[in-house]
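Visitor: So that you have it, the file is target37.cif, and it contains mmCIF, C-alpha atoms:
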```cif
data_final
loop_
_atom_site.group_PDB
_atom_site.id
_atom_site.type_symbol
_atom_site.label_atom_id
_atom_site.label_comp_id
_atom_site.auth_asym_id
_atom_site.auth_seq_id
_atom_site.Cartn_x
_atom_site.Cartn_y
_atom_site.Cartn_z
ATOM 1 C CA MET H 1 -111.485 -85.374 43.278
ATOM 2 C CA LYS H 2 -107.799 -86.224 42.931
ATOM 3 C CA ALA H 3 -106.611 -87.770 39.657
ATOM 4 C CA SER H 4 -105.316 -90.858 41.494
ATOM 5 C CA ARG H 5 -108.753 -91.465 43.081
ATOM 6 C CA ARG H 6 -110.460 -91.100 39.670
ATOM 7 C CA ALA H 7 -108.011 -93.595 38.159
ATOM 8 C CA GLU H 8 -108.612 -96.102 40.990
ATOM 9 C CA MET H 9 -112.338 -95.970 40.252
ATOM 10 C CA GLY H 10 -111.840 -96.318 36.491
ATOM 11 C CA LEU H 11 -113.107 -92.790 35.832
ATOM 12 C CA PRO H 12 -111.577 -90.522 33.186
ATOM 13 C CA ALA H 13 -109.646 -87.467 34.349
ATOM 14 C CA SER H 14 -112.300 -85.180 32.840
ATOM 15 C CA VAL H 15 -114.867 -86.196 35.490
ATOM 16 C CA GLY H 16 -113.234 -83.879 37.982
ATOM 17 C CA GLN H 17 -113.416 -80.891 35.640
ATOM 18 C CA VAL H 18 -117.041 -81.021 34.532
ATOM 19 C CA VAL H 19 -118.927 -77.734 34.740
ATOM 20 C CA GLY H 20 -121.950 -76.443 32.858
ATOM 21 C CA PRO H 21 -124.262 -78.359 30.543
ATOM 22 C CA ALA H 22 -123.185 -80.779 27.845
ATOM 23 C CA ALA H 23 -122.792 -79.515 24.301
ATOM 24 C CA GLY H 24 -126.158 -78.773 22.745
ATOM 25 C CA GLN H 25 -127.919 -78.720 26.108
ATOM 26 C CA SER H 26 -129.157 -75.815 28.146
ATOM 27 C CA LEU H 27 -129.808 -75.739 31.855
ATOM 28 C CA PRO H 28 -132.293 -73.470 33.596
ATOM 29 C CA THR H 29 -130.874 -70.120 34.659
ATOM 30 C CA GLY H 30 -128.777 -70.430 37.801
ATOM 31 C CA VAL H 31 -128.371 -74.224 37.531
ATOM 32 C CA ARG H 32 -125.014 -75.835 36.820
ATOM 33 C CA ILE H 33 -123.582 -79.354 36.719
ATOM 34 C CA ARG H 34 -120.537 -80.251 38.764
ATOM 35 C CA PRO H 35 -118.854 -83.350 40.177
ATOM 36 C CA ALA H 36 -120.370 -84.447 43.473
ATOM 37 C CA ARG H 37 -118.512 -83.716 46.679
ATOM 38 C CA GLN H 38 -118.512 -85.711 49.877
ATOM 39 C CA ASP H 39 -120.934 -83.259 51.491
ATOM 40 C CA ASP H 40 -123.439 -84.036 48.669
ATOM 41 C CA ALA H 41 -123.730 -87.721 49.684
ATOM 42 C CA ALA H 42 -126.792 -87.234 51.929
ATOM 43 C CA ALA H 43 -128.621 -85.196 49.273
ATOM 44 C CA ILE H 44 -127.838 -87.860 46.642
ATOM 45 C CA ARG H 45 -129.193 -90.620 48.892
ATOM 46 C CA ALA H 46 -132.320 -88.568 49.609
ATOM 47 C CA LEU H 47 -132.992 -87.944 45.887
ATOM 48 C CA VAL H 48 -132.509 -91.617 45.014
ATOM 49 C CA HIS H 49 -134.786 -92.783 47.827
ATOM 50 C CA GLN H 50 -137.401 -90.180 46.923
ATOM 51 C CA ALA H 51 -137.325 -91.382 43.292
ATOM 52 C CA ARG H 52 -137.739 -94.976 44.516
ATOM 53 C CA ILE H 53 -134.860 -96.289 42.432
ATOM 54 C CA TYR H 54 -132.083 -98.763 43.284
ATOM 55 C CA PRO H 55 -130.596 -97.360 46.515
ATOM 56 C CA PHE H 56 -127.338 -99.330 46.590
ATOM 57 C CA GLY H 57 -123.913 -98.506 45.199
ATOM 58 C CA LEU H 58 -124.328 -94.780 45.810
ATOM 59 C CA HIS H 59 -120.660 -93.733 45.938
ATOM 60 C CA TRP H 60 -120.545 -89.951 45.678
ATOM 61 C CA PRO H 61 -117.250 -89.787 43.683
ATOM 62 C CA ARG H 62 -119.037 -91.411 40.703
ATOM 63 C CA PHE H 63 -121.809 -88.798 40.631
ATOM 64 C CA LEU H 64 -122.482 -85.583 38.820
ATOM 65 C CA VAL H 65 -124.946 -83.245 40.475
ATOM 66 C CA ALA H 66 -127.028 -80.349 39.219
ATOM 67 C CA VAL H 67 -127.061 -77.514 41.716
ATOM 68 C CA ASP H 68 -128.813 -74.158 41.963
ATOM 69 C CA ALA H 69 -127.137 -70.814 42.678
ATOM 70 C CA GLY H 70 -127.143 -71.643 46.405
ATOM 71 C CA ASP H 71 -125.363 -74.973 45.706
ATOM 72 C CA THR H 72 -128.458 -77.003 46.675
ATOM 73 C CA VAL H 73 -128.484 -80.369 44.898
ATOM 74 C CA LEU H 74 -131.428 -80.508 42.464
ATOM 75 C CA GLY H 75 -130.505 -83.683 40.579
ATOM 76 C CA CYS H 76 -127.914 -86.417 40.287
ATOM 77 C CA ALA H 77 -126.636 -89.186 38.011
ATOM 78 C CA GLN H 78 -123.713 -91.582 38.234
ATOM 79 C CA ILE H 79 -121.651 -94.011 36.199
ATOM 80 C CA ARG H 80 -121.222 -97.457 37.712
ATOM 81 C CA ILE H 81 -118.349 -99.506 36.347
ATOM 82 C CA HIS H 82 -119.133 -103.187 36.815
ATOM 83 C CA PRO H 83 -116.518 -105.937 37.391
ATOM 84 C CA ASP H 84 -116.871 -107.087 33.763
ATOM 85 C CA GLY H 85 -115.889 -103.550 32.658
ATOM 86 C CA CYS H 86 -119.256 -102.408 31.328
ATOM 87 C CA ARG H 87 -120.410 -98.941 32.314
ATOM 88 C CA GLU H 88 -123.918 -98.096 33.499
ATOM 89 C CA VAL H 89 -125.727 -94.770 33.679
ATOM 90 C CA ALA H 90 -127.501 -95.076 37.021
ATOM 91 C CA SER H 91 -129.210 -93.241 39.866
ATOM 92 C CA VAL H 92 -130.695 -90.532 37.649
ATOM 93 C CA ALA H 93 -132.946 -88.525 39.963
ATOM 94 C CA VAL H 94 -134.257 -84.959 40.127
ATOM 95 C CA ALA H 95 -136.061 -83.239 43.001
ATOM 96 C CA PRO H 96 -139.823 -83.015 42.290
ATOM 97 C CA ALA H 97 -139.809 -79.193 42.313
ATOM 98 C CA ALA H 98 -137.001 -79.141 39.696
ATOM 99 C CA ARG H 99 -138.430 -81.692 37.256
ATOM 100 C CA ARG H 100 -139.409 -81.009 33.636
ATOM 101 C CA ARG H 101 -136.682 -78.385 33.270
ATOM 102 C CA GLY H 102 -134.118 -80.481 31.362
ATOM 103 C CA ILE H 103 -131.899 -81.243 34.352
ATOM 104 C CA ALA H 104 -131.966 -85.048 33.986
ATOM 105 C CA SER H 105 -131.315 -84.782 30.234
ATOM 106 C CA CYS H 106 -128.303 -82.555 30.855
ATOM 107 C CA LEU H 107 -126.902 -84.885 33.520
ATOM 108 C CA VAL H 108 -127.248 -88.006 31.347
ATOM 109 C CA THR H 109 -125.907 -86.231 28.265
ATOM 110 C CA ARG H 110 -122.891 -84.973 30.223
ATOM 111 C CA LEU H 111 -122.129 -88.574 31.251
ATOM 112 C CA MET H 112 -122.476 -89.621 27.605
ATOM 113 C CA HIS H 113 -119.930 -86.943 26.624
ATOM 114 C CA THR H 114 -117.553 -88.014 29.395
ATOM 115 C CA PHE H 115 -117.607 -91.806 29.016
ATOM 116 C CA PRO H 116 -117.134 -93.669 25.743
ATOM 117 C CA PRO H 117 -119.829 -95.986 24.437
ATOM 118 C CA PRO H 118 -121.242 -98.438 25.024
ATOM 119 C CA LEU H 119 -123.132 -97.195 28.065
ATOM 120 C CA TYR H 120 -125.923 -99.314 29.517
ATOM 121 C CA LEU H 121 -128.812 -98.532 31.822
ATOM 122 C CA VAL H 122 -131.807 -100.222 33.404
ATOM 123 C CA CYS H 123 -135.043 -98.255 33.626
ATOM 124 C CA ARG H 124 -138.780 -98.679 34.019
ATOM 125 C CA SER H 125 -140.517 -99.473 30.745
ATOM 126 C CA GLY H 126 -142.291 -96.111 31.001
ATOM 127 C CA LEU H 127 -138.935 -94.314 30.570
ATOM 128 C CA VAL H 128 -137.795 -96.121 27.403
ATOM 129 C CA ALA H 129 -139.043 -93.347 25.084
ATOM 130 C CA TRP H 130 -137.373 -90.658 27.211
ATOM 131 C CA TYR H 131 -133.965 -92.393 27.083
ATOM 132 C CA ALA H 132 -134.455 -93.133 23.357
ATOM 133 C CA ARG H 133 -134.612 -89.353 22.741
ATOM 134 C CA LEU H 134 -131.101 -89.166 24.190
ATOM 135 C CA GLY H 135 -129.783 -91.871 21.847
ATOM 136 C CA PHE H 136 -130.273 -95.064 23.886
ATOM 137 C CA ARG H 137 -132.058 -98.083 22.421
ATOM 138 C CA GLU H 138 -133.722 -100.982 24.170
ATOM 139 C CA VAL H 139 -131.762 -104.228 24.024
ATOM 140 C CA GLY H 140 -133.790 -107.132 22.641
ATOM 141 C CA ARG H 141 -133.932 -110.523 24.322
ATOM 142 C CA GLU H 142 -131.881 -112.129 21.553
ATOM 143 C CA GLN H 143 -129.034 -109.613 21.724
ATOM 144 C CA ALA H 144 -125.724 -110.337 23.407
ATOM 145 C CA LEU H 145 -125.043 -108.444 26.618
ATOM 146 C CA PRO H 146 -122.078 -108.024 28.966
ATOM 147 C CA LEU H 147 -122.001 -110.552 31.803
ATOM 148 C CA HIS H 148 -123.503 -108.155 34.372
ATOM 149 C CA TYR H 149 -126.608 -107.594 32.241
ATOM 150 C CA ARG H 150 -126.961 -111.258 31.246
ATOM 151 C CA ARG H 151 -127.082 -112.101 34.943
ATOM 152 C CA LEU H 152 -129.491 -109.250 35.662
ATOM 153 C CA ARG H 153 -131.817 -110.320 32.832
ATOM 154 C CA TRP H 154 -131.797 -113.897 34.148
ATOM 155 C CA PHE H 155 -132.467 -112.704 37.724
ATOM 156 C CA LEU H 156 -135.345 -110.425 36.708
ATOM 157 C CA ALA H 157 -136.923 -113.143 34.563
ATOM 158 C CA GLY H 158 -136.719 -115.614 37.467
ATOM 159 C CA LEU H 159 -138.178 -113.060 39.837
ATOM 160 C CA GLY H 160 -141.167 -112.480 37.618
ATOM 161 C CA TRP H 161 -140.544 -108.741 38.213
ATOM 162 C CA LEU H 162 -143.392 -107.301 40.192
ATOM 163 C CA ARG H 163 -143.673 -103.525 40.347
ATOM 164 C CA PRO H 164 -146.650 -101.323 41.123
ATOM 165 C CA GLY H 165 -148.350 -100.257 37.921
ATOM 166 C CA GLY H 166 -147.141 -103.319 36.046
ATOM 167 C CA GLU H 167 -144.045 -101.613 34.623
ATOM 168 C CA LYS H 168 -141.221 -103.957 33.735
ATOM 169 C CA PRO H 169 -137.531 -103.122 33.636
ATOM 170 C CA ALA H 170 -135.881 -102.375 30.321
ATOM 171 C CA ILE H 171 -132.180 -102.740 29.548
ATOM 172 C CA MET H 172 -130.949 -100.034 27.181
ATOM 173 C CA VAL H 173 -127.640 -99.237 25.512
ATOM 174 C CA TRP H 174 -126.026 -96.229 23.880
ATOM 175 C CA GLU H 175 -123.601 -97.330 21.178
ATOM 176 C CA ALA H 176 -122.692 -94.155 19.330
ATOM 177 C CA SER H 177 -120.067 -94.595 16.670
ATOM 178 C CA GLU H 178 -116.559 -93.360 17.409
ATOM 179 C CA GLY H 179 -116.392 -89.586 17.370
ATOM 180 C CA SER H 180 -120.133 -89.047 17.571
ATOM 181 C CA GLY H 181 -121.860 -87.695 20.613
ATOM 182 C CA PRO H 182 -125.235 -88.241 22.163
ATOM 183 C CA ALA H 183 -128.405 -87.021 20.520
ATOM 184 C CA ARG H 184 -129.230 -83.370 20.999
ATOM 185 C CA VAL H 185 -132.395 -82.838 23.005
ATOM 186 C CA VAL H 186 -134.553 -80.010 21.740
#
```
Would you mind giving the structure from this file in structure tokens?
Guide:
Amino acid sequence: MKASRRAEMGLPASVGQVVGPAAGQSLPTGVRIRPARQDDAAAIRALVHQARIYPFGLHWPRFLVAVDAGDTVLGCAQIRIHPDGCREVASVAVAPAARRRGIASCLVTRLMHTFPPPLYLVCRSGLVAWYARLGFREVGREQALPLHYRRLRWFLAGLGWLRPGGEKPAIMVWEASEGSGPARVV
């Protein structure tokens, strides 16, 4: 991705140079992380739809992908930058056959190393503990949020949030202090 395109999207220059896992992380043999390319867009959409997560705002230049030795997309994650300036880790998805191998952790951690805190995310309540291992914490109802998340919280509360299995959405934040990185996953 050209530096001018990254700047237009509010992405740091380092997004275009990402390769390999984040510090302290290890990927399965033959798997690497790289910036998404235009020809990855269909695979990203397929992973997101298969994971049954929010299928909108899937702009490939904002994604990192995990690929195998044959360059097949195994997983993806993106950073959305909202109009109020807050950044969201979103669209974290891994192909079923590649799950439980640390790919999602490496993708999220790489985003945490690339973008400064705070980083927000919305996930199913069943994933709160998983994201907490990476250094995110759930935001309480009484805590102040950026405008985007205040509106989202209000919308979800008004909707009564119905999801199979009774899981509710959780808003989480990573607020590492300056100079510190994300938690190391063992």
Visitor: Find the residues near H:Gln50: any atom within 9 Å, counting all atoms listed in the file, skip ones fewer than 2 places away on the same chain, and give them as JSON, numbers by chain.
Guide: {"H": [45, 46, 47, 48, 52, 53, 93, 95, 96]}
Visitor: Excluding H:Asp40 and residues on its chain fewer than 6 positions from it, collect all residues at most 9 Å away from it, counting all atoms listed in the file, and give them as an MDAnalysis selection string.
Guide: chainID H and resid 60 65 72:73
Visitor: Of the candidates H:Phe115, H:Tyr131, H:Phe56, H:Tyr120, which one gets nearest to H:Leu145 if we count only C-alpha atoms?
Guide: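 Residue with the minimum atom-to-atom distance to H:Leu145: H:Tyr120.
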Visitor: Would you please work out which residue, of H:Ile171, H:Cys106, H:Phe155, H:Leu127, is nearest to H:Gln143 when using only C-alpha atoms?
Guide: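 For H:Gln143, the nearest of the candidates is H:Ile171.
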Visitor: Taking only C-alpha atoms into account, name the residue in H:Ala104, H:Ile33, H:Ala129, H:Val173 that is nearest to H:Ser91.
Guide: H:Ala104
Visitor: Name every residue that the PyMOL selection byres ((chain H and resi 103) around 8) selects in this structure, writing the answer as a list in words with chains first and numbers rising.
Guide: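 Taken over the shown coordinates, the PyMOL selection byres ((chain H and resi 103) around 8) returns Leu27, Pro28, Ala66, Gly75, Val94, Ala98, Arg99, Arg100, Arg101, Gly102, Ala104, Ser105, Cys106 and Leu107 of chain H.
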Visitor: Let me see the file: selected residues, C-alpha atoms, as an mmCIF file, in the coordinates of the input.
Guide:
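As written to disk, out25.cif reads:
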```cif
data_model
loop_
_atom_site.group_PDB
_atom_site.id
_atom_site.type_symbol
_atom_site.label_atom_id
_atom_site.label_comp_id
_atom_site.auth_asym_id
_atom_site.auth_seq_id
_atom_site.Cartn_x
_atom_site.Cartn_y
_atom_site.Cartn_z
ATOM 1 C CA LEU H 27 -129.808 -75.739 31.855
ATOM 2 C CA PRO H 28 -132.293 -73.470 33.596
ATOM 3 C CA ALA H 66 -127.028 -80.349 39.219
ATOM 4 C CA GLY H 75 -130.505 -83.683 40.579
ATOM 5 C CA VAL H 94 -134.257 -84.959 40.127
ATOM 6 C CA ALA H 98 -137.001 -79.141 39.696
ATOM 7 C CA ARG H 99 -138.430 -81.692 37.256
ATOM 8 C CA ARG H 100 -139.409 -81.009 33.636
ATOM 9 C CA ARG H 101 -136.682 -78.385 33.270
ATOM 10 C CA GLY H 102 -134.118 -80.481 31.362
ATOM 11 C CA ALA H 104 -131.966 -85.048 33.986
ATOM 12 C CA SER H 105 -131.315 -84.782 30.234
ATOM 13 C CA CYS H 106 -128.303 -82.555 30.855
ATOM 14 C CA LEU H 107 -126.902 -84.885 33.520
#
```
Visitor: Go ahead and compute the interatomic distance for atom CA of H:Ala69 and atom CA of H:Ala36, in Å to one decimal.
Guide: 15.2 Å
Visitor: For atom CA of H:Pro118 and atom CA of H:Gln78, quote the distance in Å rounded to one decimal.
Guide: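 Calculated distance between atom CA of H:Pro118 and atom CA of H:Gln78 is 15.1 Å.
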Visitor: Measuring between only C-alpha atoms, which one of H:Ala144, H:Leu111, H:Leu121, H:Met172 shows the shortest distance to H:Ala77?
Guide: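 Smallest distance to H:Ala77 is found for H:Leu111.
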Visitor: For atom CA of H:Arg80 and atom CA of H:Ala41, determine how far apart the two atoms are, in Å to one decimal place.
Guide: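 So the answer is 15.6 Å.
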Visitor: Padding 3 Å on each side, edges along x, y and z: where is the centre of the box around the listed atoms of stretch 142-150 of chain H, and how long are its edges in Å to one decimal? Output it as AutoDock Vina command-line options.
Guide:
```
--center_x -126.9 --center_y -109.9 --center_z 28.0 --size_x 15.9 --size_y 10.5 --size_z 18.8
```
Visitor: Taking into account all atoms listed in the file, which residue in the set H:Pro35, H:Gly30, H:Pro169, H:Pro116 is nearest to H:Pro61?
Guide: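 The closest residue to H:Pro61 is H:Pro35.
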Visitor: Convert the output of the PyMOL selection byres ((chain H and resi 146) around 10) on the shown file into explicit residues, formatted as a PDB file with C-alpha atoms, in the frame of the given file.
Guide:
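Listing of out.pdb after writing:
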```
ATOM      1  CA  HIS H  82    -119.133-103.187  36.815  1.00  0.00           C
ATOM      2  CA  ASP H  84    -116.871-107.087  33.763  1.00  0.00           C
ATOM      3  CA  GLY H  85    -115.889-103.550  32.658  1.00  0.00           C
ATOM      4  CA  CYS H  86    -119.256-102.408  31.328  1.00  0.00           C
ATOM      5  CA  ARG H  87    -120.410 -98.941  32.314  1.00  0.00           C
ATOM      6  CA  TYR H 120    -125.923 -99.314  29.517  1.00  0.00           C
ATOM      7  CA  ALA H 144    -125.724-110.337  23.407  1.00  0.00           C
ATOM      8  CA  LEU H 145    -125.043-108.444  26.618  1.00  0.00           C
ATOM      9  CA  LEU H 147    -122.001-110.552  31.803  1.00  0.00           C
ATOM     10  CA  HIS H 148    -123.503-108.155  34.372  1.00  0.00           C
ATOM     11  CA  TYR H 149    -126.608-107.594  32.241  1.00  0.00           C
ATOM     12  CA  ARG H 150    -126.961-111.258  31.246  1.00  0.00           C
ATOM     13  CA  ARG H 151    -127.082-112.101  34.943  1.00  0.00           C
TER      14      ARG H 151
END
```
Visitor: Name the closest residue to H:Leu119 among the candidates H:Arg137, H:Arg32, H:His59, H:His49; distances are taken between atoms, counting only C-alpha atoms.
Guide: H:Arg137
